[in-house]
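**Q** Take this structure first; my questions come after.
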Amino acid sequence: MVKVMSPGKYVRVGGTSLGGGTFWGLLSLLTGARTFDEMLALADDGDNRNVDMLVGDIYGTSYNKIGLDSSVIASSFGKVLKKKTEAEKRAEDGANRDPRRRSSLMQIEGAQDGAGGGDVGDGRMFKSEDIARSLLYAISNNIGQIAYLQSEKHDIEHIYFGGSFIRGHEQTLRTLSFAIKFWSKGSKQAYFLRHEGYLGAVGAFLKREDDQPVAQ
């Protein structure tokens with residue numbers, strides 16, 4: 001994250017290791033997607049409410065006392081452990097009532113201990129689309145919150161986002177915008193560079209020495 005005072009005056013003020021690379025790396029482990037665009041496409045079709053724990057899941061409604069709508073994410077991936085535990089409990093109860101199911105459950109547990117995995121307690125009991133949407137929200141909200149806090153610390157009015165993580169993707173743009181508006185209580189908004197993925201290349205071009213040849 002860079003504070004820009006003028007076209008030739010700027011300083012790096014911070015950053016986060018959780019970004020586009022995190023999104024790409026984790027989804028390559030959790031889903032069958034391999035390219036960044038495939039992962040964004042998954043997120044477009046997902047529903048994070050199946051994975052994330054919302055304010056409404058905790059309180060049953062909005063928490064108006066502190067200004068939290070019921071749809072606000074209280075814990076990214078917060079429903080995973082609960083759902084996995086419930087699924088395992090249902091499978092175990094069924095196996096206890098039926099010896100044949102007990103044998104089947106033992107086979108599933110054995111598969112989980114190995115490389116094959118199983119449906120009970122396995123990440124595959126959650127849709128890849130929902131996982132992608134949840135992770136996109138988690139990373140975008142994190143970036144947005146840190147950007148807002150840096151703007152407050154350094155007395156910056158305008159917050160611009162760049163980088164190939166954005167890619168003009170509607171959900172990413174919307175989440176970053178929401179994060180800035182939410183944390184600033186509407187006093188600030190997010191701005192986006194038109195050619196956000198080429199920010200580094202443009203900067204390198206502008207910083208080149210005049211006698212250096214420009215590669216075609």
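Chain labels A, B, ... are given in the sequence in which chains occur in the structure tokens; within each chain residues are numbered consecutively from 1, and ligands are likewise numbered from 1 in the order shown.
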What parts of region 17-183 of chain A does DSSP call strand (DSSP E or B)? I'd like the answer as a PyMOL selection string.
**A** chain A and resi 53-54+63+68+73-75+159-161
**Q** Restrict the selected residues to C-alpha atoms and save them as a CSV table (one decimal), in the first residue's frame.
**A**
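The new file again_33.csv reads:
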chain,number,residue,atom,x,y,z
A,53,MET,CA,-21.2,-17.6,9.8
A,54,LEU,CA,-23.3,-14.4,9.6
A,63,TYR,CA,-27.5,-6.5,15.8
A,68,LEU,CA,-24.5,-4.8,12.2
A,73,ILE,CA,-20.1,-11.9,7.9
A,74,ALA,CA,-19.2,-12.6,11.5
A,75,SER,CA,-16.7,-15.4,10.7
A,159,ILE,CA,-8.4,5.3,-1.7
A,160,TYR,CA,-7.4,3.7,-5.1
A,161,PHE,CA,-7.2,0.0,-5.8
**Q** Which polymer residues have any atom within 10 Å of an atom of Gly20 (chain A), counting only C-alpha atoms, with same-chain residues fewer than 5 positions away left out, as a PyMOL selection string?
**A** chain A and resi 25+36+136+139-140+163-166
**Q** One decimal, Å: what's the distance from CA of Phe178 (chain A) over to CA of Tyr191 (chain A), could you say?
**A**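 Computed distance, CA of Phe178 (chain A) to CA of Tyr191 (chain A), equals 11.7 Å.
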**Q** Considering only C-alpha atoms, state which residue in the set A:Val51, A:Val72, A:Val2, A:Ala132 is at the smallest distance from Asp37 (chain A).
**A**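 The answer is A:Ala132, which sits nearest to Asp37 (chain A).
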